[in-house]
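Chemist: Below are the structure tokens for one structure; questions will follow.
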Amino acid sequence: MPWIKAEDCVACGVCVEECPVGAISIDNQVAIIDENECIRCGKCHDVCPQEAVRHDSERIPMQVAKNTEWAKSLLRHFETDDDKKGLIDRLKRYFITERKIAEQSAEQMDAILHEICGL
Ligand code: SF4
Ligand code: SF4
């Protein structure tokens, strides 16, 4: 899913006009994508004159940093080293499960294409 790099957006509205499903709005001088409405067509990325619409992959370092901070904030609720280790192990299992969900979902994409289009 595309995302808007807020500091590069000049609120010109070009992407709002181009989006075929009205998934983009301007709020506080920044474009916002409603991910529940977005159909992943990529048009907003193609038309933005500021290159403010960015690809998912660029979000990886930010998401990793966010997850790391989340883990640190949860650790504050645990007193002993054993309890802290228990939390970290649970979080590792959680992220591994998320990875498996993503990998298996990605594998299904080719199956869908074959089923729907015969490709
Ligand atoms: S086209 Fe780019 S700069 Fe203009 S509103 Fe959309 S994201 Fe912001
Ligand atoms: S990817 Fe397509 S549907 Fe999604 S916000 Fe951009 S233009 Fe709209």
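Each chain in the structure tokens gets a letter, A, B, ..., in the order shown, and its residues are numbered from 1; ligands are numbered from 1 in order too.
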List every residue of chain A that has an atom at most 6 Å from any atom of ligand 1, giving for each one its closest atom pair and the distance in Å to one decimal, counting only C-alpha atoms and all ligand atoms, sorted by chain and then by ascending residue number, as a tab-separated table.

Modeler:
```
residue	atom	partner	partner_atom_place_in_ligand_line	distance
A:Ile4	CA	ligand 1	7 (S)	5.8
A:Cys9	CA	ligand 1	8 (Fe)	3.7
A:Val10	CA	ligand 1	3 (S)	4.4
A:Ala11	CA	ligand 1	5 (S)	3.7
A:Cys12	CA	ligand 1	4 (Fe)	3.9
A:Gly13	CA	ligand 1	5 (S)	4.1
A:Val14	CA	ligand 1	1 (S)	4.3
A:Cys15	CA	ligand 1	1 (S)	4.2
A:Ala31	CA	ligand 1	5 (S)	4.9
A:Cys48	CA	ligand 1	1 (S)	3.7
A:Pro49	CA	ligand 1	2 (Fe)	5.8
A:Gln50	CA	ligand 1	3 (S)	5.1
A:Ala52	CA	ligand 1	7 (S)	4.9
A:Val53	CA	ligand 1	7 (S)	5.3
```

Chemist: Could those selected residues go to a file with C-alpha atoms, as a short mmCIF file (atom, residue, chain, number, x, y, z; two decimals), in the first residue's frame?

Modeler:
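Everything below was put into result36.cif:
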```
data_model
loop_
_atom_site.label_atom_id
_atom_site.label_comp_id
_atom_site.auth_asym_id
_atom_site.auth_seq_id
_atom_site.Cartn_x
_atom_site.Cartn_y
_atom_site.Cartn_z
CA ILE A 4 2.51 9.68 1.98
CA CYS A 9 3.70 16.65 0.42
CA VAL A 10 2.69 20.18 -0.63
CA ALA A 11 -1.06 19.43 -0.55
CA CYS A 12 -1.41 20.19 -4.28
CA GLY A 13 -4.34 17.75 -4.57
CA VAL A 14 -3.14 16.08 -7.79
CA CYS A 15 -3.32 12.63 -6.21
CA ALA A 31 -2.55 14.12 1.79
CA CYS A 48 2.74 13.02 -7.45
CA PRO A 49 5.01 15.87 -8.59
CA GLN A 50 6.88 15.84 -5.27
CA ALA A 52 5.76 12.23 -1.76
CA VAL A 53 3.83 9.00 -2.40
#
```

Chemist: Each residue of chain A with at least one atom at most 7 Å from ligand 2 should appear once, together with its nearest atom pair and the corresponding distance in Å (one decimal); atoms considered: only C-alpha atoms and all ligand atoms; ordering: chain, then increasing residue number; output as a Markdown table.

Modeler:
```
| residue | atom | partner | partner_atom_place_in_ligand_line | distance |
| --- | --- | --- | --- | --- |
| A:Met1 | CA | ligand 2 | 1 (S) | 6.7 |
| A:Pro2 | CA | ligand 2 | 1 (S) | 6.0 |
| A:Cys15 | CA | ligand 2 | 7 (S) | 6.5 |
| A:Glu18 | CA | ligand 2 | 7 (S) | 6.1 |
| A:Cys19 | CA | ligand 2 | 7 (S) | 3.7 |
| A:Pro20 | CA | ligand 2 | 8 (Fe) | 5.9 |
| A:Val21 | CA | ligand 2 | 3 (S) | 5.7 |
| A:Gly22 | CA | ligand 2 | 8 (Fe) | 6.4 |
| A:Ala23 | CA | ligand 2 | 8 (Fe) | 5.1 |
| A:Ile24 | CA | ligand 2 | 5 (S) | 5.6 |
| A:Ile33 | CA | ligand 2 | 5 (S) | 5.3 |
| A:Glu37 | CA | ligand 2 | 3 (S) | 6.9 |
| A:Cys38 | CA | ligand 2 | 4 (Fe) | 3.7 |
| A:Ile39 | CA | ligand 2 | 3 (S) | 4.3 |
| A:Arg40 | CA | ligand 2 | 1 (S) | 3.9 |
| A:Cys41 | CA | ligand 2 | 2 (Fe) | 3.9 |
| A:Gly42 | CA | ligand 2 | 1 (S) | 3.9 |
| A:Lys43 | CA | ligand 2 | 7 (S) | 4.4 |
| A:Cys44 | CA | ligand 2 | 7 (S) | 4.1 |
| A:His45 | CA | ligand 2 | 6 (Fe) | 6.5 |
```

Chemist: What is the distance, in Å and to one decimal place, between atom CA of Gln29 of chain A and atom CA of Arg59 of chain A?

Modeler: 21.5 Å

Chemist: Which residues come within 12 Å of Trp70 of chain A, counting only C-alpha atoms, excluding same-chain residues fewer than 5 positions away, as a list of chain:residue names?

Modeler: A:Gln63, A:Val64, A:Ala65, A:Leu75, A:Arg76, A:His77, A:Leu87, A:Ile88, A:Leu91

Chemist: Enumerate the residues of chain A with a DSSP assignment of strand (DSSP E), computed from the backbone, and present them as a list of chain:residue names.

Modeler: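 Selection result, strand (DSSP E) within chain A: A:Trp3, A:Ile4, A:Ile24, A:Ser25, A:Ile26, A:Asp27, A:Val30, A:Ala31, A:Ile32, A:Ile33, A:Val53, A:Arg54.
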
Chemist: Would you export the selected residues with all heavy atoms as a tab-separated table (two decimals), in the first residue's frame, please?

Modeler:
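The resulting file, again-v5.tsv, is shown below:
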```tsv
chain	number	residue	atom	x	y	z
A	3	TRP	N	2.13	5.07	0.72
A	3	TRP	CA	1.99	5.94	1.89
A	3	TRP	C	2.55	7.32	1.53
A	3	TRP	O	3.34	7.47	0.59
A	3	TRP	CB	2.68	5.35	3.12
A	3	TRP	CG	4.15	5.11	2.94
A	3	TRP	CD1	4.71	4.08	2.24
A	3	TRP	CD2	5.23	5.90	3.42
A	3	TRP	NE1	6.08	4.17	2.26
A	3	TRP	CE2	6.43	5.28	2.99
A	3	TRP	CE3	5.33	7.06	4.18
A	3	TRP	CZ2	7.70	5.79	3.30
A	3	TRP	CZ3	6.60	7.57	4.49
A	3	TRP	CH2	7.74	6.94	4.06
A	4	ILE	N	2.11	8.30	2.27
A	4	ILE	CA	2.51	9.68	1.98
A	4	ILE	C	3.63	10.10	2.94
A	4	ILE	O	3.47	10.02	4.16
A	4	ILE	CB	1.33	10.66	2.17
A	4	ILE	CG1	0.09	10.20	1.42
A	4	ILE	CG2	1.75	12.08	1.76
A	4	ILE	CD1	0.11	10.33	-0.05
A	24	ILE	N	-8.13	9.32	-1.16
A	24	ILE	CA	-7.17	10.30	-0.65
A	24	ILE	C	-7.88	11.60	-0.31
A	24	ILE	O	-8.73	12.08	-1.06
A	24	ILE	CB	-6.05	10.59	-1.68
A	24	ILE	CG1	-5.49	9.28	-2.26
A	24	ILE	CG2	-4.92	11.41	-1.04
A	24	ILE	CD1	-4.46	9.48	-3.34
A	25	SER	N	-7.52	12.15	0.83
A	25	SER	CA	-8.05	13.46	1.22
A	25	SER	C	-6.88	14.30	1.73
A	25	SER	O	-5.79	13.78	1.99
A	25	SER	CB	-9.11	13.30	2.31
A	25	SER	OG	-8.57	12.61	3.41
A	26	ILE	N	-7.15	15.59	1.84
A	26	ILE	CA	-6.12	16.50	2.38
A	26	ILE	C	-6.56	16.92	3.78
A	26	ILE	O	-7.69	17.38	3.97
A	26	ILE	CB	-5.96	17.77	1.50
A	26	ILE	CG1	-5.66	17.40	0.04
A	26	ILE	CG2	-4.88	18.68	2.09
A	26	ILE	CD1	-4.25	16.99	-0.26
A	27	ASP	N	-5.66	16.75	4.72
A	27	ASP	CA	-5.98	17.15	6.09
A	27	ASP	C	-4.77	17.87	6.66
A	27	ASP	O	-3.64	17.34	6.61
A	27	ASP	CB	-6.30	15.90	6.92
A	27	ASP	CG	-6.79	16.28	8.32
A	27	ASP	OD1	-7.52	17.27	8.44
A	27	ASP	OD2	-6.41	15.58	9.28
A	30	VAL	N	-1.75	18.07	4.35
A	30	VAL	CA	-1.04	16.83	3.98
A	30	VAL	C	-2.06	15.84	3.43
A	30	VAL	O	-3.17	15.71	3.96
A	30	VAL	CB	-0.34	16.19	5.21
A	30	VAL	CG1	0.33	14.87	4.81
A	30	VAL	CG2	0.70	17.14	5.80
A	31	ALA	N	-1.67	15.15	2.34
A	31	ALA	CA	-2.55	14.12	1.79
A	31	ALA	C	-2.54	12.89	2.69
A	31	ALA	O	-1.51	12.53	3.27
A	31	ALA	CB	-2.07	13.74	0.39
A	32	ILE	N	-3.72	12.28	2.80
A	32	ILE	CA	-3.87	11.08	3.63
A	32	ILE	C	-4.58	10.01	2.82
A	32	ILE	O	-5.59	10.29	2.16
A	32	ILE	CB	-4.71	11.39	4.90
A	32	ILE	CG1	-3.94	12.36	5.80
A	32	ILE	CG2	-5.04	10.11	5.66
A	32	ILE	CD1	-4.78	12.85	6.96
A	33	ILE	N	-4.06	8.79	2.86
A	33	ILE	CA	-4.68	7.67	2.15
A	33	ILE	C	-5.49	6.83	3.13
A	33	ILE	O	-4.97	6.42	4.17
A	33	ILE	CB	-3.61	6.79	1.46
A	33	ILE	CG1	-2.86	7.60	0.41
A	33	ILE	CG2	-4.27	5.56	0.83
A	33	ILE	CD1	-1.70	6.86	-0.22
A	53	VAL	N	4.49	10.30	-2.57
A	53	VAL	CA	3.83	9.00	-2.40
A	53	VAL	C	4.90	7.93	-2.54
A	53	VAL	O	5.53	7.80	-3.59
A	53	VAL	CB	2.71	8.80	-3.45
A	53	VAL	CG1	1.98	7.49	-3.16
A	53	VAL	CG2	1.74	9.96	-3.44
A	54	ARG	N	5.10	7.21	-1.48
A	54	ARG	CA	6.25	6.30	-1.42
A	54	ARG	C	5.81	4.84	-1.42
A	54	ARG	O	4.66	4.52	-1.11
A	54	ARG	CB	7.07	6.57	-0.15
A	54	ARG	CG	7.40	8.03	0.10
A	54	ARG	CD	8.17	8.67	-1.04
A	54	ARG	NE	9.36	7.93	-1.38
A	54	ARG	CZ	10.14	8.23	-2.41
A	54	ARG	NH1	9.84	9.23	-3.20
A	54	ARG	NH2	11.20	7.50	-2.66
```

Chemist: Could you state the separation of atom CA of Val47 of chain A and atom CA of Glu17 of chain A in Å, given to one decimal place?

Modeler: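 One can read the atom CA of Val47 of chain A to atom CA of Glu17 of chain A distance as 10.0 Å.
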
Chemist: Can you list, as a PyMOL selection string, all residues belonging to chain A that DSSP tags as helix (DSSP H, G or I)?

Modeler: chain A and resi 6-8+14-18+43-47+56-75+81-117

Chemist: Provide the atom CA of Glu58 of chain A to atom CA of Asp46 of chain A distance in Å, to one decimal place.

Modeler: 16.1 Å
